[in-house]
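Presented below is the structure to which this report refers.
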Amino acid sequence: MHTGSLSQRWYISYNFRNPSTGKFERYREYGGINRFDTEKSRSAAIRQLMFARQRLLETGWSPFEQFDVEKILTIKPELNVIESIDRVMQTKKLYLKHRSYQSLRNRAELFKKYLVDNDFKDFKPDGIKRKHILEFLDLRVNDHANSNRTRNNFLIDLKAIFSKMIELEFIIVNPCQGIKKVPCCSQKNKAFTNEEVSKINEWLSKNDTNLQMFCRFICYGFMRPIEITKLRIRDIKMEQGMIDLPAEIVKTNVEQSKPILNIFRKHLEVMELNKYPEHYFVFSSKGVPDERPTTRDFFSEKFKKLKDDLGFSLNHTMYALRHTVLSDLMRNGVDPVILKQYTGHKTWGGFDAYIRSLNNDLPKDVSEKFSISI
């Protein structure tokens, strides 16, 4: 395999014994590799060509014999593309987290609908080409008003699905390979001002005390909404003053313990969680602990009503309350070492990037430092 500068031609080479002379001869193949203009995409293409050549050799093919190479290279699975996607999803379900699987499945179902609507459902998986993927992505943006970010997320998931098909030997080439992401604007969660927090608290006290308690877990427990929805009563250790977050509900997949602050303890005591079985989820759609959990979207919809009533922007999310509290603590001089323990970041690099992303304050006026005048 030859790789190097993108200005050079990449190829794979191999030696094969000539049955007539008994001597090895070298063969070089390009296989369309060099049409890719980035190192990442070209590297992926050359690996796929190596896989295809190895598969061909395993069939008994020889460069000195007349074989229908295209016929040999074409994998003909019994499954059509719809069935192949379903097979991939069965595999993905074994190791993906529930929410990650749900997100992938939802996008897979939309792609399957596109295949059915366009009479591609009976195609073999290797019949899906790059043009089909591009057409689907354009459809999501133009006809369904998906953002560029959402379009890129569709591309990521489809690439993962077809990569798994390569592992399962349904296809040789990933049709998503070489399709570029499109630029998208980064939308940051916008921290609330102190005045806005007062308005939020007033609205919650009057209209939705259950959502108010949920928000307290975000603010005083420094927890993510998705973690709160999966929190069980047994995870809250009042006597030890800790909330234990199991690894399976934490973003970093590492078990965490959050201290119960005094400002938070009084609100937890009001919930009287000891009246319920310890395996119950702390939050449910019923407004009280229950054996069936609710979802992050359940509370997001509730918070959307608050935002609409108070006139907040799309970037004023429920999760932004966590950013607001941390920004407030930083301004009040809390040691970054302590803040990192609350946020749960594993590295200082990650913590530093997170803290810098919260710094929405305008820089200090330095007018008095100027020594020149124009």
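Chain lettering (A, B, ...) mirrors the order of the structure tokens, residue numbering begins at 1 for each chain separately, and ligand numbering begins at 1 in order of display.
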Can you tell me, as a PyMOL selection string, what residues are no more than 8 Å from Asn189 of chain A when counting only C-alpha atoms, ignoring any on the same chain fewer than 4 positions away?
-> chain A and resi 315-317+319-320+323
What are the closest atom pairs, with distances in Å to one decimal, for each residue of segment 161-251 of chain A lying within 10 Å of segment 272-287 of chain A, using only C-alpha atoms, rows by chain and rising residue number, as a Markdown table?
| residue | atom | partner | partner_atom | distance |
| --- | --- | --- | --- | --- |
| A:Asp208 | CA | A:Gly287 | CA | 9.8 |
| A:Thr209 | CA | A:Gly287 | CA | 9.1 |
| A:Asn210 | CA | A:Gly287 | CA | 6.0 |
| A:Leu211 | CA | A:Gly287 | CA | 8.8 |
| A:Met213 | CA | A:Phe283 | CA | 9.4 |
| A:Phe214 | CA | A:Phe283 | CA | 7.9 |
| A:Ile228 | CA | A:Phe283 | CA | 7.7 |
| A:Thr229 | CA | A:Phe283 | CA | 6.1 |
| A:Lys230 | CA | A:Phe281 | CA | 6.6 |
| A:Leu231 | CA | A:Phe281 | CA | 5.8 |
| A:Arg232 | CA | A:Phe281 | CA | 4.2 |
| A:Ile233 | CA | A:Glu278 | CA | 4.9 |
| A:Arg234 | CA | A:Glu278 | CA | 4.7 |
| A:Asp235 | CA | A:Glu278 | CA | 8.4 |
| A:Ile236 | CA | A:Leu273 | CA | 9.1 |
For the residues in the current selection, export all heavy atoms as a tab-separated table (two decimals), in the first residue's frame.
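Everything below was put into part22.tsv:
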chain	number	residue	atom	x	y	z
A	208	ASP	N	-45.72	25.95	37.78
A	208	ASP	CA	-45.26	24.55	37.64
A	208	ASP	C	-44.19	24.24	38.68
A	208	ASP	O	-42.99	24.33	38.42
A	208	ASP	CB	-44.72	24.33	36.23
A	208	ASP	CG	-44.63	22.86	35.86
A	208	ASP	OD1	-44.44	22.04	36.77
A	208	ASP	OD2	-44.73	22.53	34.65
A	209	THR	N	-44.62	23.82	39.86
A	209	THR	CA	-43.66	23.51	40.93
A	209	THR	C	-42.88	22.23	40.65
A	209	THR	O	-41.77	22.06	41.16
A	209	THR	CB	-44.38	23.39	42.27
A	209	THR	OG1	-45.44	22.42	42.17
A	209	THR	CG2	-44.99	24.74	42.69
A	210	ASN	N	-43.45	21.33	39.84
A	210	ASN	CA	-42.72	20.11	39.50
A	210	ASN	C	-41.53	20.43	38.60
A	210	ASN	O	-40.42	19.93	38.81
A	210	ASN	CB	-43.66	19.13	38.79
A	210	ASN	CG	-43.02	17.77	38.56
A	210	ASN	OD1	-42.30	17.26	39.42
A	210	ASN	ND2	-43.29	17.17	37.41
A	211	LEU	N	-41.74	21.29	37.62
A	211	LEU	CA	-40.64	21.74	36.77
A	211	LEU	C	-39.64	22.55	37.60
A	211	LEU	O	-38.43	22.46	37.36
A	211	LEU	CB	-41.19	22.60	35.62
A	211	LEU	CG	-40.15	23.24	34.69
A	211	LEU	CD1	-39.30	22.17	34.01
A	211	LEU	CD2	-40.85	24.12	33.64
A	213	MET	N	-38.81	22.01	40.68
A	213	MET	CA	-37.96	21.07	41.40
A	213	MET	C	-36.95	20.43	40.45
A	213	MET	O	-35.78	20.22	40.81
A	213	MET	CB	-38.82	19.99	42.07
A	213	MET	CG	-38.03	19.05	42.95
A	213	MET	SD	-37.25	19.91	44.36
A	213	MET	CE	-38.70	20.27	45.36
A	214	PHE	N	-37.38	20.13	39.24
A	214	PHE	CA	-36.49	19.57	38.23
A	214	PHE	C	-35.34	20.54	37.96
A	214	PHE	O	-34.17	20.13	37.86
A	214	PHE	CB	-37.27	19.29	36.94
A	214	PHE	CG	-36.52	18.49	35.92
A	214	PHE	CD1	-36.55	17.10	35.94
A	214	PHE	CD2	-35.79	19.12	34.93
A	214	PHE	CE1	-35.86	16.36	34.98
A	214	PHE	CE2	-35.10	18.39	33.97
A	214	PHE	CZ	-35.13	17.01	34.00
A	228	ILE	N	-31.06	13.47	35.21
A	228	ILE	CA	-32.11	13.63	36.22
A	228	ILE	C	-33.30	12.72	35.91
A	228	ILE	O	-33.88	12.12	36.82
A	228	ILE	CB	-32.57	15.10	36.29
A	228	ILE	CG1	-31.38	16.00	36.62
A	228	ILE	CG2	-33.66	15.28	37.34
A	228	ILE	CD1	-31.68	17.49	36.49
A	229	THR	N	-33.64	12.59	34.63
A	229	THR	CA	-34.80	11.76	34.28
A	229	THR	C	-34.56	10.29	34.60
A	229	THR	O	-35.52	9.52	34.77
A	229	THR	CB	-35.14	11.90	32.78
A	229	THR	OG1	-34.02	11.48	31.99
A	229	THR	CG2	-35.48	13.34	32.44
A	230	LYS	N	-33.29	9.87	34.69
A	230	LYS	CA	-32.97	8.47	34.97
A	230	LYS	C	-32.57	8.23	36.42
A	230	LYS	O	-32.19	7.11	36.79
A	230	LYS	CB	-31.84	8.01	34.04
A	230	LYS	CG	-32.22	8.06	32.56
A	230	LYS	CD	-31.06	7.61	31.67
A	230	LYS	CE	-31.45	7.65	30.20
A	230	LYS	NZ	-30.34	7.21	29.32
A	231	LEU	N	-32.68	9.26	37.22
A	231	LEU	CA	-32.28	9.16	38.63
A	231	LEU	C	-33.34	8.43	39.44
A	231	LEU	O	-34.54	8.72	39.34
A	231	LEU	CB	-32.06	10.57	39.19
A	231	LEU	CG	-31.39	10.68	40.55
A	231	LEU	CD1	-29.93	10.24	40.47
A	231	LEU	CD2	-31.49	12.11	41.08
A	232	ARG	N	-32.91	7.46	40.25
A	232	ARG	CA	-33.83	6.72	41.11
A	232	ARG	C	-33.66	7.19	42.56
A	232	ARG	O	-32.63	7.76	42.94
A	232	ARG	CB	-33.55	5.21	41.02
A	232	ARG	CG	-33.81	4.61	39.64
A	232	ARG	CD	-33.47	3.13	39.64
A	232	ARG	NE	-33.55	2.54	38.32
A	232	ARG	CZ	-34.63	1.94	37.81
A	232	ARG	NH1	-35.74	1.86	38.55
A	232	ARG	NH2	-34.62	1.42	36.60
A	233	ILE	N	-34.67	6.93	43.35
A	233	ILE	CA	-34.66	7.37	44.75
A	233	ILE	C	-33.47	6.78	45.49
A	233	ILE	O	-32.84	7.44	46.32
A	233	ILE	CB	-35.99	6.98	45.43
A	233	ILE	CG1	-37.15	7.83	44.86
A	233	ILE	CG2	-35.90	7.17	46.95
A	233	ILE	CD1	-38.51	7.46	45.39
A	234	ARG	N	-33.12	5.54	45.19
A	234	ARG	CA	-32.01	4.89	45.88
A	234	ARG	C	-30.67	5.56	45.61
A	234	ARG	O	-29.70	5.34	46.34
A	234	ARG	CB	-31.95	3.42	45.49
A	234	ARG	CG	-31.66	3.17	44.03
A	234	ARG	CD	-31.52	1.69	43.72
A	234	ARG	NE	-31.32	1.43	42.30
A	234	ARG	CZ	-32.10	0.63	41.58
A	234	ARG	NH1	-33.12	0.02	42.14
A	234	ARG	NH2	-31.86	0.45	40.30
A	235	ASP	N	-30.59	6.37	44.53
A	235	ASP	CA	-29.34	7.04	44.20
A	235	ASP	C	-29.09	8.26	45.08
A	235	ASP	O	-27.97	8.78	45.12
A	235	ASP	CB	-29.35	7.48	42.72
A	235	ASP	CG	-29.48	6.31	41.77
A	235	ASP	OD1	-28.89	5.26	42.07
A	235	ASP	OD2	-30.16	6.45	40.73
A	236	ILE	N	-30.14	8.72	45.78
A	236	ILE	CA	-30.01	9.90	46.64
A	236	ILE	C	-29.74	9.44	48.07
A	236	ILE	O	-30.61	8.87	48.73
A	236	ILE	CB	-31.28	10.77	46.58
A	236	ILE	CG1	-31.52	11.24	45.14
A	236	ILE	CG2	-31.15	11.97	47.51
A	236	ILE	CD1	-32.78	12.07	44.96
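Those residues that approach Asp157 of chain A to within 12 Å, counting only C-alpha atoms, are Ile85, Val88, Met89, Lys92, Ser100, Tyr101, Gln102, Ser103, Leu104, Arg105, Asn106, Arg107, Ala108, Glu109, Leu110, Phe111, Ile133, Leu137, Thr150, Arg151, Asn152, Phe162, Ser163, Lys164 and Cys176 of chain A; same-chain residues fewer than 5 positions away are not listed.
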Write out as JSON lines a residue-level contact list of segment 268-348 of chain A versus segment 252-256 of chain A with cut-off 12 Å: for each qualifying residue the closest pair of atoms and the distance in Å to one decimal, counting only C-alpha atoms, rows sorted by chain and residue number upward.
{"residue": "A:Gln341", "atom": "CA", "partner": "A:Gln256", "partner_atom": "CA", "distance": 9.7}
{"residue": "A:Tyr342", "atom": "CA", "partner": "A:Gln256", "partner_atom": "CA", "distance": 9.8}
{"residue": "A:Thr343", "atom": "CA", "partner": "A:Gln256", "partner_atom": "CA", "distance": 10.0}
{"residue": "A:Gly344", "atom": "CA", "partner": "A:Gln256", "partner_atom": "CA", "distance": 7.2}
{"residue": "A:His345", "atom": "CA", "partner": "A:Thr252", "partner_atom": "CA", "distance": 8.4}
{"residue": "A:Lys346", "atom": "CA", "partner": "A:Thr252", "partner_atom": "CA", "distance": 8.2}
{"residue": "A:Thr347", "atom": "CA", "partner": "A:Thr252", "partner_atom": "CA", "distance": 11.2}
Identify, with DSSP run on backbone atoms, the residues in segment 17-169 of chain A assigned to alpha helix (DSSP H), and express the list as JSON, numbers by chain.
-> {"A": [39, 40, 41, 42, 43, 44, 45, 46, 47, 48, 49, 50, 51, 52, 53, 54, 55, 56, 57, 58, 69, 70, 71, 72, 73, 81, 82, 83, 84, 85, 86, 87, 88, 89, 90, 91, 92, 98, 99, 100, 101, 102, 103, 104, 105, 106, 107, 108, 109, 110, 111, 112, 113, 114, 115, 116, 117, 130, 131, 132, 133, 134, 135, 136, 137, 138, 139, 140, 141, 142, 148, 149, 150, 151, 152, 153, 154, 155, 156, 157, 158, 159, 160, 161, 162, 163, 164, 165, 166, 167]}
